[in-house]
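Text of protein23.pdb, listed as PDB, C-alpha atoms and all ligand atoms:
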ATOM      1  CA  MET A  46      25.427 -42.299 -51.373
ATOM      2  CA  GLU A  47      24.654 -45.137 -48.961
ATOM      3  CA  ASN A  48      26.001 -48.491 -50.061
ATOM      4  CA  SER A  49      24.512 -50.967 -47.586
ATOM      5  CA  ASN A  50      25.710 -53.889 -49.730
ATOM      6  CA  ALA A  51      29.175 -53.639 -48.198
ATOM      7  CA  PHE A  52      27.851 -55.214 -44.969
ATOM      8  CA  ARG A  53      24.964 -57.233 -46.374
ATOM      9  CA  TYR A  54      24.996 -61.006 -46.158
ATOM     10  CA  GLU A  55      22.710 -62.497 -48.772
ATOM     11  CA  GLY A  56      22.518 -66.043 -47.383
ATOM     12  CA  GLU A  57      19.733 -67.666 -45.362
ATOM     13  CA  LYS A  58      19.032 -66.392 -41.842
ATOM     14  CA  ALA A  59      17.823 -68.850 -39.211
ATOM     15  CA  TRP A  60      15.303 -66.472 -37.592
ATOM     16  CA  CYS A  61      11.499 -66.864 -37.588
ATOM     17  CA  PRO A  62       9.590 -64.726 -40.110
ATOM     18  CA  GLY A  63       8.587 -61.504 -38.339
ATOM     19  CA  CYS A  64      11.333 -61.676 -35.697
ATOM     20  CA  GLY A  65      12.581 -58.261 -34.561
ATOM     21  CA  ASP A  66      16.168 -59.397 -35.096
ATOM     22  CA  PHE A  67      15.908 -58.734 -38.867
ATOM     23  CA  ALA A  68      15.247 -55.040 -38.272
ATOM     24  CA  ILE A  69      18.115 -54.733 -35.784
ATOM     25  CA  LEU A  70      20.430 -56.246 -38.387
ATOM     26  CA  SER A  71      19.235 -53.623 -40.913
ATOM     27  CA  SER A  72      19.907 -50.871 -38.370
ATOM     28  CA  VAL A  73      23.455 -52.092 -37.785
ATOM     29  CA  GLU A  74      24.110 -52.180 -41.556
ATOM     30  CA  LYS A  75      22.685 -48.687 -41.901
ATOM     31  CA  ALA A  76      24.669 -47.227 -39.030
ATOM     32  CA  LEU A  77      27.963 -48.677 -40.266
ATOM     33  CA  THR A  78      27.294 -47.502 -43.807
ATOM     34  CA  ARG A  79      26.366 -43.996 -42.665
ATOM     35  CA  ALA A  80      29.515 -43.841 -40.536
ATOM     36  CA  GLY A  81      31.570 -44.648 -43.645
ATOM     37  CA  LYS A  82      33.054 -47.788 -42.086
ATOM     38  CA  LYS A  83      34.633 -50.545 -44.145
ATOM     39  CA  PRO A  84      33.811 -54.172 -43.245
ATOM     40  CA  GLU A  85      37.427 -54.906 -42.327
ATOM     41  CA  GLU A  86      37.457 -52.013 -39.821
ATOM     42  CA  VAL A  87      34.612 -53.503 -37.781
ATOM     43  CA  LEU A  88      34.397 -56.427 -35.351
ATOM     44  CA  THR A  89      31.007 -57.775 -34.302
ATOM     45  CA  VAL A  90      30.980 -59.998 -31.207
ATOM     46  CA  SER A  91      28.172 -62.017 -29.619
ATOM     47  CA  GLY A  92      27.465 -64.792 -27.119
ATOM     48  CA  ILE A  93      24.894 -67.530 -27.791
ATOM     49  CA  GLY A  94      21.210 -67.155 -28.651
ATOM     50  CA  GLN A  95      19.025 -66.003 -31.541
ATOM     51  CA  ALA A  96      20.327 -62.436 -31.269
ATOM     52  CA  ALA A  97      23.855 -63.780 -31.063
ATOM     53  CA  LYS A  98      23.563 -65.078 -34.640
ATOM     54  CA  LEU A  99      23.796 -61.505 -35.916
ATOM     55  CA  PRO A 100      27.581 -61.557 -36.571
ATOM     56  CA  HIS A 101      26.978 -64.542 -38.908
ATOM     57  CA  TYR A 102      24.706 -62.357 -41.020
ATOM     58  CA  LEU A 103      26.878 -59.285 -41.337
ATOM     59  CA  LYS A 104      29.967 -58.844 -43.489
ATOM     60  CA  THR A 105      32.449 -57.673 -40.857
ATOM     61  CA  ASN A 106      35.027 -59.470 -38.760
ATOM     62  CA  GLY A 107      33.018 -61.606 -36.352
ATOM     63  CA  PHE A 108      33.377 -63.595 -33.149
ATOM     64  CA  ASN A 109      30.649 -65.834 -31.769
ATOM     65  CA  GLY A 110      31.596 -66.670 -28.188
ATOM     66  CA  LEU A 111      29.960 -68.563 -25.342
ATOM     67  CA  HIS A 112      26.593 -67.812 -23.768
ATOM     68  CA  GLY A 113      27.016 -64.882 -21.386
ATOM     69  CA  ARG A 114      30.561 -64.262 -22.552
ATOM     70  CA  ALA A 115      30.219 -61.769 -25.380
ATOM     71  CA  LEU A 116      31.848 -58.855 -23.568
ATOM     72  CA  PRO A 117      35.215 -60.341 -22.445
ATOM     73  CA  PRO A 118      36.452 -61.311 -25.951
ATOM     74  CA  ALA A 119      35.219 -57.949 -27.243
ATOM     75  CA  PHE A 120      37.296 -56.220 -24.566
ATOM     76  CA  GLY A 121      40.315 -58.375 -25.462
ATOM     77  CA  ALA A 122      39.999 -57.593 -29.167
ATOM     78  CA  LYS A 123      39.557 -53.862 -28.624
ATOM     79  CA  THR A 124      42.564 -53.760 -26.312
ATOM     80  CA  ALA A 125      44.722 -55.708 -28.779
ATOM     81  CA  ASN A 126      43.660 -53.655 -31.790
ATOM     82  CA  HIS A 127      41.992 -50.422 -30.786
ATOM     83  CA  ARG A 128      41.671 -49.333 -34.426
ATOM     84  CA  LEU A 129      38.729 -51.747 -34.697
ATOM     85  CA  THR A 130      35.179 -50.490 -34.232
ATOM     86  CA  VAL A 131      33.767 -53.067 -31.848
ATOM     87  CA  ILE A 132      30.055 -53.836 -31.679
ATOM     88  CA  VAL A 133      28.660 -56.411 -29.276
ATOM     89  CA  THR A 134      25.213 -57.681 -30.162
ATOM     90  CA  SER A 135      23.429 -60.299 -28.063
ATOM     91  CA  GLY A 136      20.253 -61.192 -26.167
ATOM     92  CA  ASP A 137      18.867 -60.041 -22.825
ATOM     93  CA  GLY A 138      19.407 -63.513 -21.366
ATOM     94  CA  ASP A 139      22.982 -63.550 -22.584
ATOM     95  CA  VAL A 140      24.038 -60.064 -21.490
ATOM     96  CA  TYR A 141      21.866 -59.373 -18.424
ATOM     97  CA  GLY A 142      21.587 -62.963 -17.109
ATOM     98  CA  GLU A 143      24.537 -65.291 -17.460
ATOM     99  CA  GLY A 144      26.736 -62.364 -18.572
ATOM    100  CA  GLY A 145      25.428 -59.931 -15.950
ATOM    101  CA  ASN A 146      28.709 -59.703 -14.097
ATOM    102  CA  HIS A 147      30.550 -58.838 -17.316
ATOM    103  CA  PHE A 148      27.897 -56.219 -18.094
ATOM    104  CA  ILE A 149      28.509 -54.455 -14.791
ATOM    105  CA  HIS A 150      32.288 -54.468 -15.039
ATOM    106  CA  ALA A 151      32.373 -53.563 -18.740
ATOM    107  CA  ILE A 152      30.574 -50.350 -17.821
ATOM    108  CA  ARG A 153      33.020 -49.710 -14.971
ATOM    109  CA  ARG A 154      35.985 -50.388 -17.259
ATOM    110  CA  ASN A 155      34.464 -48.171 -19.943
ATOM    111  CA  THR A 156      36.088 -49.743 -22.983
ATOM    112  CA  GLU A 157      35.232 -47.977 -26.225
ATOM    113  CA  MET A 158      32.562 -50.284 -27.710
ATOM    114  CA  THR A 159      28.847 -50.374 -28.497
ATOM    115  CA  LEU A 160      26.628 -52.973 -26.859
ATOM    116  CA  ILE A 161      23.308 -53.641 -28.599
ATOM    117  CA  VAL A 162      20.987 -55.850 -26.557
ATOM    118  CA  HIS A 163      18.097 -57.494 -28.415
ATOM    119  CA  ASN A 164      15.664 -57.363 -25.520
ATOM    120  CA  ASN A 165      12.786 -59.742 -26.278
ATOM    121  CA  GLN A 166      12.111 -60.451 -22.579
ATOM    122  CA  VAL A 167      12.511 -64.235 -23.049
ATOM    123  CA  TYR A 168      15.150 -66.838 -23.829
ATOM    124  CA  GLY A 169      14.299 -67.217 -27.535
ATOM    125  CA  LEU A 170      16.751 -69.872 -28.702
ATOM    126  CA  THR A 171      15.846 -72.280 -25.900
ATOM    127  CA  LYS A 172      12.111 -71.833 -26.596
ATOM    128  CA  GLY A 173      10.722 -69.109 -24.442
ATOM    129  CA  GLN A 174      11.705 -69.472 -20.779
ATOM    130  CA  ALA A 175      11.633 -66.282 -18.677
ATOM    131  CA  SER A 176      14.694 -64.055 -18.936
ATOM    132  CA  PRO A 177      15.972 -61.394 -16.502
ATOM    133  CA  THR A 178      13.794 -58.776 -18.208
ATOM    134  CA  SER A 179      10.528 -60.786 -18.246
ATOM    135  CA  ASP A 180       7.769 -58.875 -16.522
ATOM    136  CA  LYS A 181       6.355 -60.199 -13.254
ATOM    137  CA  GLY A 182       3.469 -62.578 -13.860
ATOM    138  CA  MET A 183       4.546 -63.690 -17.349
ATOM    139  CA  LYS A 184       3.595 -67.336 -17.814
ATOM    140  CA  THR A 185       5.912 -69.624 -19.748
ATOM    141  CA  LYS A 186       6.260 -73.412 -19.977
ATOM    142  CA  LEU A 187       8.904 -73.234 -17.237
ATOM    143  CA  GLN A 188       7.070 -70.594 -15.167
ATOM    144  CA  PRO A 189       3.456 -71.917 -15.459
ATOM    145  CA  ASP A 190       2.295 -69.878 -12.451
ATOM    146  CA  GLY A 191       3.966 -66.720 -13.689
ATOM    147  CA  VAL A 192       7.340 -65.070 -13.088
ATOM    148  CA  ILE A 193       7.748 -64.044  -9.448
ATOM    149  CA  LEU A 194      11.071 -62.206  -9.719
ATOM    150  CA  THR A 195      11.447 -58.445 -10.128
ATOM    151  CA  PRO A 196      12.796 -57.677 -13.608
ATOM    152  CA  PHE A 197      16.347 -56.483 -14.120
ATOM    153  CA  ASN A 198      16.426 -52.827 -15.202
ATOM    154  CA  PRO A 199      19.444 -52.527 -17.535
ATOM    155  CA  LEU A 200      19.097 -48.801 -18.149
ATOM    156  CA  ALA A 201      18.929 -47.942 -14.452
ATOM    157  CA  VAL A 202      21.960 -50.140 -13.706
ATOM    158  CA  ALA A 203      23.960 -48.579 -16.545
ATOM    159  CA  ILE A 204      23.052 -45.052 -15.425
ATOM    160  CA  ALA A 205      23.892 -45.844 -11.795
ATOM    161  CA  LEU A 206      27.325 -47.073 -12.940
ATOM    162  CA  GLY A 207      27.936 -43.886 -14.933
ATOM    163  CA  ALA A 208      27.886 -45.367 -18.458
ATOM    164  CA  PRO A 209      28.795 -42.683 -21.003
ATOM    165  CA  PHE A 210      25.883 -43.463 -23.329
ATOM    166  CA  VAL A 211      22.600 -45.210 -22.482
ATOM    167  CA  ALA A 212      19.768 -45.464 -24.995
ATOM    168  CA  ARG A 213      16.664 -47.446 -25.825
ATOM    169  CA  SER A 214      15.052 -48.235 -29.147
ATOM    170  CA  PHE A 215      12.357 -50.481 -30.613
ATOM    171  CA  SER A 216      13.430 -52.820 -33.406
ATOM    172  CA  LYS A 217      10.712 -51.549 -35.738
ATOM    173  CA  GLU A 218      12.241 -48.050 -35.526
ATOM    174  CA  ILE A 219      15.085 -48.947 -37.885
ATOM    175  CA  ASP A 220      16.222 -45.371 -38.449
ATOM    176  CA  LEU A 221      16.155 -44.458 -34.772
ATOM    177  CA  THR A 222      18.203 -47.552 -33.877
ATOM    178  CA  ALA A 223      20.714 -46.747 -36.644
ATOM    179  CA  GLU A 224      20.953 -43.138 -35.446
ATOM    180  CA  LEU A 225      21.563 -44.305 -31.859
ATOM    181  CA  ILE A 226      24.233 -46.783 -32.979
ATOM    182  CA  GLY A 227      25.938 -43.939 -34.872
ATOM    183  CA  GLN A 228      25.981 -41.763 -31.748
ATOM    184  CA  ALA A 229      27.095 -44.689 -29.593
ATOM    185  CA  MET A 230      30.113 -45.389 -31.824
ATOM    186  CA  GLU A 231      31.151 -41.761 -31.397
ATOM    187  CA  CYS A 232      30.678 -41.534 -27.618
ATOM    188  CA  GLY A 233      34.281 -42.356 -26.731
ATOM    189  CA  GLY A 234      33.433 -45.065 -24.199
ATOM    190  CA  PHE A 235      31.080 -47.938 -23.445
ATOM    191  CA  ALA A 236      27.621 -47.469 -24.931
ATOM    192  CA  LEU A 237      24.470 -49.463 -24.189
ATOM    193  CA  ILE A 238      21.531 -49.566 -26.585
ATOM    194  CA  ASP A 239      18.689 -51.729 -25.280
ATOM    195  CA  VAL A 240      16.426 -52.543 -28.232
ATOM    196  CA  LEU A 241      12.895 -53.839 -27.631
ATOM    197  CA  GLN A 242      12.705 -56.826 -29.969
ATOM    198  CA  PRO A 243       9.492 -58.805 -30.344
ATOM    199  CA  CYS A 244       9.956 -62.589 -30.284
ATOM    200  CA  VAL A 245       6.913 -63.569 -32.342
ATOM    201  CA  SER A 246       7.240 -67.265 -31.550
ATOM    202  CA  PHE A 247       7.632 -67.340 -27.771
ATOM    203  CA  ASN A 248       6.640 -64.009 -26.280
ATOM    204  CA  LYS A 249       2.922 -63.623 -26.809
ATOM    205  CA  VAL A 250       2.644 -60.802 -24.255
ATOM    206  CA  ASN A 251       5.233 -58.230 -25.363
ATOM    207  CA  THR A 252       4.169 -58.158 -29.009
ATOM    208  CA  TYR A 253       4.726 -55.478 -31.700
ATOM    209  CA  GLN A 254       1.354 -54.050 -30.701
ATOM    210  CA  TRP A 255       2.220 -54.067 -26.981
ATOM    211  CA  TYR A 256       5.425 -52.098 -27.579
ATOM    212  CA  GLN A 257       3.815 -49.789 -30.128
ATOM    213  CA  GLN A 258       1.066 -48.824 -27.679
ATOM    214  CA  ARG A 259       3.630 -47.779 -25.066
ATOM    215  CA  ALA A 260       6.777 -46.612 -26.856
ATOM    216  CA  TYR A 261       7.248 -42.883 -27.409
ATOM    217  CA  ARG A 262      10.228 -40.822 -28.522
ATOM    218  CA  LEU A 263      11.881 -38.542 -25.993
ATOM    219  CA  GLY A 264      11.669 -34.899 -27.009
ATOM    220  CA  PRO A 265      14.129 -32.010 -26.583
ATOM    221  CA  GLU A 266      12.747 -31.347 -23.084
ATOM    222  CA  HIS A 267      14.626 -34.431 -21.831
ATOM    223  CA  ASP A 268      18.152 -33.553 -20.708
ATOM    224  CA  PRO A 269      20.284 -36.725 -20.984
ATOM    225  CA  ALA A 270      23.026 -35.064 -18.905
ATOM    226  CA  ASP A 271      20.738 -34.989 -15.860
ATOM    227  CA  ARG A 272      21.357 -38.275 -14.091
ATOM    228  CA  MET A 273      18.297 -38.198 -11.829
ATOM    229  CA  LYS A 274      15.963 -37.352 -14.727
ATOM    230  CA  ALA A 275      17.588 -40.110 -16.770
ATOM    231  CA  LEU A 276      16.970 -42.557 -13.918
ATOM    232  CA  ALA A 277      13.323 -41.521 -13.787
ATOM    233  CA  LYS A 278      13.061 -42.261 -17.536
ATOM    234  CA  ALA A 279      14.769 -45.625 -17.017
ATOM    235  CA  PHE A 280      11.986 -46.587 -14.604
ATOM    236  CA  GLU A 281       9.153 -45.701 -17.020
ATOM    237  CA  TRP A 282       7.795 -49.000 -18.266
ATOM    238  CA  ASP A 283       4.258 -50.305 -17.728
ATOM    239  CA  GLU A 284       2.244 -47.502 -19.337
ATOM    240  CA  LYS A 285       4.867 -45.574 -21.304
ATOM    241  CA  ILE A 286       8.311 -46.610 -22.569
ATOM    242  CA  PRO A 287      10.730 -43.847 -23.626
ATOM    243  CA  LEU A 288      12.886 -44.299 -26.733
ATOM    244  CA  GLY A 289      16.016 -42.316 -27.550
ATOM    245  CA  VAL A 290      19.100 -41.200 -25.654
ATOM    246  CA  ILE A 291      18.265 -41.636 -21.978
ATOM    247  CA  TYR A 292      21.637 -40.700 -20.480
ATOM    248  CA  LYS A 293      24.942 -39.192 -21.583
ATOM    249  CA  ASN A 294      27.969 -38.975 -19.339
ATOM    250  CA  PRO A 295      31.149 -38.497 -21.411
ATOM    251  CA  ARG A 296      34.252 -39.775 -19.617
ATOM    252  CA  PRO A 297      37.640 -41.066 -20.835
ATOM    253  CA  GLY A 298      37.512 -44.606 -22.168
ATOM    254  CA  TYR A 299      39.809 -47.483 -21.176
ATOM    255  CA  VAL A 300      41.873 -47.476 -24.370
ATOM    256  CA  ALA A 301      42.294 -43.695 -24.320
ATOM    257  CA  THR A 302      43.439 -43.897 -20.691
ATOM    258  CA  VAL A 303      45.695 -46.945 -20.847
ATOM    259  CA  ILE A 304      46.988 -47.056 -24.442
ATOM    260  CA  GLY A 305      46.445 -43.496 -25.631
ATOM    261  CA  ASP A 306      47.955 -42.713 -29.030
ATOM    262  CA  ALA A 307      50.401 -45.629 -28.905
ATOM    263  CA  LYS A 308      50.457 -48.270 -31.630
ATOM    264  CA  PRO A 309      47.912 -51.072 -31.214
ATOM    265  CA  LEU A 310      49.385 -54.136 -29.503
ATOM    266  CA  VAL A 311      48.887 -56.260 -32.640
ATOM    267  CA  GLU A 312      51.152 -53.939 -34.633
ATOM    268  CA  ARG A 313      54.041 -54.011 -32.163
ATOM    269  CA  ASP A 314      57.073 -56.278 -32.390
ATOM    270  CA  VAL A 315      57.363 -58.931 -29.730
ATOM    271  CA  ASP A 316      60.441 -58.355 -27.581
ATOM    272  CA  MET A 317      61.063 -61.652 -25.748
ATOM    273  CA  GLU A 318      63.688 -60.083 -23.498
ATOM    274  CA  LYS A 319      61.159 -57.547 -22.211
ATOM    275  CA  ILE A 320      58.607 -60.307 -21.677
ATOM    276  CA  LYS A 321      61.151 -62.393 -19.722
ATOM    277  CA  GLY A 322      61.970 -59.328 -17.592
ATOM    278  CA  LEU A 323      58.296 -58.761 -16.875
ATOM    279  CA  MET A 324      57.751 -62.425 -15.972
ATOM    280  CA  ALA A 325      60.748 -62.304 -13.629
ATOM    281  CA  ARG A 326      59.268 -59.261 -11.878
ATOM    282  CA  LEU A 327      55.871 -60.906 -11.445
ATOM    283  CA  TYR A 328      56.912 -64.389 -10.349
TER     284      TYR A 328
HETATM  285  C1  LIG B   1      26.934 -71.604 -20.683
HETATM  286  C2  LIG B   1      25.596 -71.821 -21.307
HETATM  287  N1  LIG B   1      24.487 -71.686 -20.549
HETATM  288  C3  LIG B   1      23.268 -71.876 -21.094
HETATM  289  C4  LIG B   1      23.159 -72.181 -22.422
HETATM  290  C5  LIG B   1      21.795 -72.418 -23.017
HETATM  291  N2  LIG B   1      21.318 -71.257 -23.734
HETATM  292  C6  LIG B   1      21.611 -71.049 -25.035
HETATM  293  S1  LIG B   1      20.891 -69.685 -25.660
HETATM  294  C7  LIG B   1      20.171 -69.365 -24.160
HETATM  295  C8  LIG B   1      19.267 -68.194 -23.959
HETATM  296  C9  LIG B   1      19.189 -67.258 -25.093
HETATM  297  O1  LIG B   1      18.396 -66.171 -24.720
HETATM  298  P1  LIG B   1      18.845 -64.701 -25.015
HETATM  299  O2  LIG B   1      20.244 -64.478 -24.657
HETATM  300  O3  LIG B   1      17.851 -63.783 -24.391
HETATM  301  O4  LIG B   1      18.795 -64.594 -26.604
HETATM  302  P2  LIG B   1      17.623 -64.885 -27.644
HETATM  303  O5  LIG B   1      17.767 -66.310 -28.043
HETATM  304  O6  LIG B   1      16.335 -64.574 -26.986
HETATM  305  O7  LIG B   1      17.956 -63.935 -28.752
HETATM  306  C10 LIG B   1      20.504 -70.313 -23.199
HETATM  307  C11 LIG B   1      20.030 -70.293 -21.809
HETATM  308  C12 LIG B   1      24.351 -72.296 -23.186
HETATM  309  N3  LIG B   1      24.308 -72.551 -24.503
HETATM  310  N4  LIG B   1      25.531 -72.114 -22.607
HETATM  311  S1  LIG B   2      12.362 -67.716 -31.476
HETATM  312 FE1  LIG B   2      11.871 -65.549 -31.164
HETATM  313  S2  LIG B   2      13.872 -64.522 -31.008
HETATM  314 FE2  LIG B   2      14.199 -66.532 -31.962
HETATM  315  S3  LIG B   2      14.148 -66.159 -34.171
HETATM  316 FE3  LIG B   2      12.088 -66.785 -33.519
HETATM  317  S4  LIG B   2      11.008 -64.869 -33.116
HETATM  318 FE4  LIG B   2      13.210 -64.394 -33.150
END
Show me this structure written as structure tokens.
Amino acid sequence: MENSNAFRYEGEKAWCPGCGDFAILSSVEKALTRAGKKPEEVLTVSGIGQAAKLPHYLKTNGFNGLHGRALPPAFGAKTANHRLTVIVTSGDGDVYGEGGNHFIHAIRRNTEMTLIVHNNQVYGLTKGQASPTSDKGMKTKLQPDGVILTPFNPLAVAIALGAPFVARSFSKEIDLTAELIGQAMECGGFALIDVLQPCVSFNKVNTYQWYQQRAYRLGPEHDPADRMKALAKAFEWDEKIPLGVIYKNPRPGYVATVIGDAKPLVERDVDMEKIKGLMARLY
């Protein structure tokens, strides 16, 4: 029987009524419960933003880092204690903008963790400026004549870099998001789930209705192992937006490659003589 209370935080949540972040939080709770995880086995990491508040509202270990810097501490924690299930959950501005460099190299490094990006196509916390995923022409207080830059395509970048698991969901599809998180945690490497998340206060273009009119679930005819077909799906946007597993490319993760079956670093004794020897070799 599902016991979602193990992860549920009953306190107040500083999100606007109707924000898509609530549903993403429910999906994370559901996925962890279905996977039979215990709160102490999980670490949730974020940067700064509305989405980045999620670790505050979930009963797991949590780390709230700096804006754009969610991925490096997650990598450090997973490397130090690879028994942890590590979930990174942050905004499109955080992960694709200021943290864009970390996003690219986290995929290359392929550390075993799940990245959930709350993609609301604006900077929510700082009141609605354009983000890397804002569509061309979107008008905001800071872009009164409309965005002129081409949007960042996270799925296409992740596929091009050979990420083992690339998926998209819509926050309202709580079960689909939970199912994708479950698959991502099992993929054996770095997984990206980009979740379309309406910001009801500052994004008046990409609303629930806007996403609902375009989003459709990929059927069995889509082969996620076919990189070129996956790329084509990653570029579907204006008229139709595919949801589901876009791309799968299983490959050995960082921890499996570098640490293997050895004890996690946090469980090992510190041998100062070995450390001194290593320092002497390096300097
Ligand atoms: C180093 C640094 N740069 C910029 C900021 C200001 N800042 C805080 S949150 C944010 C954007 C948040 O947008 P996003 O990551 O998309 O998350 P959302 O709030 O929309 O969930 C910015 C620019 C900061 N706090 N620290
Ligand atoms: S400003 Fe937008 S992203 Fe932030 S809590 Fe409100 S609706 Fe959600």
Checklist entry - When the PyMOL selection byres (((chain A and resi 161) around 8) and not hetatm) is applied to the file above, which residues end up in the set, as a PyMOL selection string? => result chain A and resi 132-135+159-160+162-163+237-240
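The environment of Gly234 (chain A) within 9 Å, counting all atoms listed in the file and disregarding residues fewer than 2 places along the same chain, consists of Ile152, Asn155, Thr156, Glu157, Met158, Thr159, Ala208, Pro209, Phe210, Ala229, Met230, Glu231, Cys232, Ala236, Pro295, Arg296, Pro297, Gly298, Tyr299, Val300 and Ala301 of chain A.
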Checklist entry - atom C12 of ligand LIG 1 (chain B) and CA of Ser214 (chain A) are how many Å apart? => result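 So the two atoms, atom C12 of ligand LIG 1 (chain B) and CA of Ser214 (chain A), lie 26.5 Å apart.
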Could you give me, as a Markdown table, every chain A residue with an atom at most 7 Å from ligand LIG 1 (chain B), plus its closest atom pair and distance in Å to one decimal, counting all atoms listed in the file, rows ordered by chain then number?
| residue | atom | partner | partner_atom | distance |
| --- | --- | --- | --- | --- |
| A:Ile93 | CA | B:LIG1 | S1 | 5.0 |
| A:Gly94 | CA | B:LIG1 | O5 | 3.6 |
| A:Gln95 | CA | B:LIG1 | O7 | 3.6 |
| A:Ala96 | CA | B:LIG1 | O7 | 3.8 |
| A:Ala97 | CA | B:LIG1 | O7 | 6.3 |
| A:Leu111 | CA | B:LIG1 | N4 | 6.3 |
| A:His112 | CA | B:LIG1 | N4 | 4.6 |
| A:Gly113 | CA | B:LIG1 | C1 | 6.8 |
| A:Ser135 | CA | B:LIG1 | O2 | 6.3 |
| A:Gly136 | CA | B:LIG1 | O2 | 3.6 |
| A:Asp137 | CA | B:LIG1 | O3 | 4.2 |
| A:Gly138 | CA | B:LIG1 | O3 | 3.4 |
| A:Asp139 | CA | B:LIG1 | O2 | 3.6 |
| A:Val140 | CA | B:LIG1 | O2 | 6.6 |
| A:His163 | CA | B:LIG1 | O7 | 6.5 |
| A:Asn164 | CA | B:LIG1 | O3 | 6.9 |
| A:Asn165 | CA | B:LIG1 | O6 | 6.0 |
| A:Gln166 | CA | B:LIG1 | O3 | 6.9 |
| A:Val167 | CA | B:LIG1 | O6 | 5.5 |
| A:Tyr168 | CA | B:LIG1 | O1 | 3.4 |
| A:Gly169 | CA | B:LIG1 | O6 | 3.4 |
| A:Leu170 | CA | B:LIG1 | O5 | 3.8 |
| A:Thr171 | CA | B:LIG1 | C7 | 5.5 |
| A:Ser176 | CA | B:LIG1 | O3 | 6.3 |
Checklist entry - Mind listing the residues within 7 Å of ligand LIG 2 (chain B), all atoms listed in the file counted, as a list in words? => result Ala59, Trp60, Cys61, Gly63, Cys64, Gly65, Asp66, Gln95, Ala96, Asn165, Gly169, Leu170, Lys172, Pro243, Cys244, Val245, Ser246 and Phe247 of chain A
Item to check | Counting only C-alpha atoms, the option among A:Leu194, A:Ile204, A:Leu221, A:Leu116 closest to Ala277 (chain A) | outcome: A:Ile204
Checklist entry - To one decimal place, how far is CA of Ser179 (chain A) from CA of Thr195 (chain A) in Å? => result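 Answer for the CA of Ser179 (chain A) to CA of Thr195 (chain A) separation: 8.5 Å.
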Checklist entry - Suppose you want the space between CA of Thr302 (chain A) and CA of Arg272 (chain A); what is it in Å? => result 23.7 Å
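The set of residues that the PyMOL selection byres (((chain A and resi 80) around 12) and not hetatm) takes from this file is Met46, Glu47, Asn48, Ser49, Val73, Glu74, Lys75, Ala76, Leu77, Thr78, Arg79, Gly81, Lys82, Lys83, Pro84, Glu86, Val87, Thr130, Ala223, Glu224, Leu225, Ile226, Gly227, Gln228, Ala229, Met230 and Glu231 of chain A.
Of the listed residues (A:Met183, A:Leu241, A:Ala122, A:Arg114), A:Leu241 comes nearest to Ala68 (chain A); the distances count all atoms listed in the file.
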Checklist entry - In terms of the shortest atom-to-atom distance over all atoms listed in the file, which of A:Asn106, A:Asn248, A:Asn146, A:Thr89 is closest to Ala119 (chain A)? => result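 Among A:Asn106, A:Asn248, A:Asn146, A:Thr89, it is A:Thr89 that comes nearest to Ala119 (chain A).
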Next on the checklist: I'd like the residues picked by the PyMOL selection byres (((chain A and resi 127) around 10) and not hetatm) written out as a list of chain:residue names, using the chain letters and numbers from the file.
Outcome noted: A:Phe120, A:Gly121, A:Ala122, A:Lys123, A:Thr124, A:Ala125, A:Asn126, A:Arg128, A:Leu129, A:Thr130, A:Val131, A:Thr156, A:Glu157, A:Met158, A:Val300, A:Ala301, A:Ile304, A:Gly305, A:Asp306, A:Ala307, A:Lys308, A:Pro309, A:Leu310, A:Val311
Checklist entry - Could you name the residues that touch Phe67 (chain A) at 9 Å or less, counting only C-alpha atoms, but leaving out those on the same chain fewer than 5 positions away, as a PyMOL selection string? => result chain A and resi 58+60+62+72+99+216
Item to check | For Leu288 (chain A), the nearest of the candidates A:Lys186, A:Arg313, A:His147, A:Arg213, counting only C-alpha atoms | outcome: A:Arg213
Next on the checklist: List as a list in words the protein and nucleic acid residues near Ile286 (chain A), meaning an atom at most 6 Å away when only C-alpha atoms are counted, but skip any in the same chain fewer than 5 places from it.
Outcome noted: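 Counting only the stated atoms, we get Arg259, Ala260 and Glu281 of chain A.
Residue nearest Lys293 (chain A), chosen from A:Gly110, A:Gly207, A:Pro265, A:Gly322 and counting only C-alpha atoms: A:Gly207.
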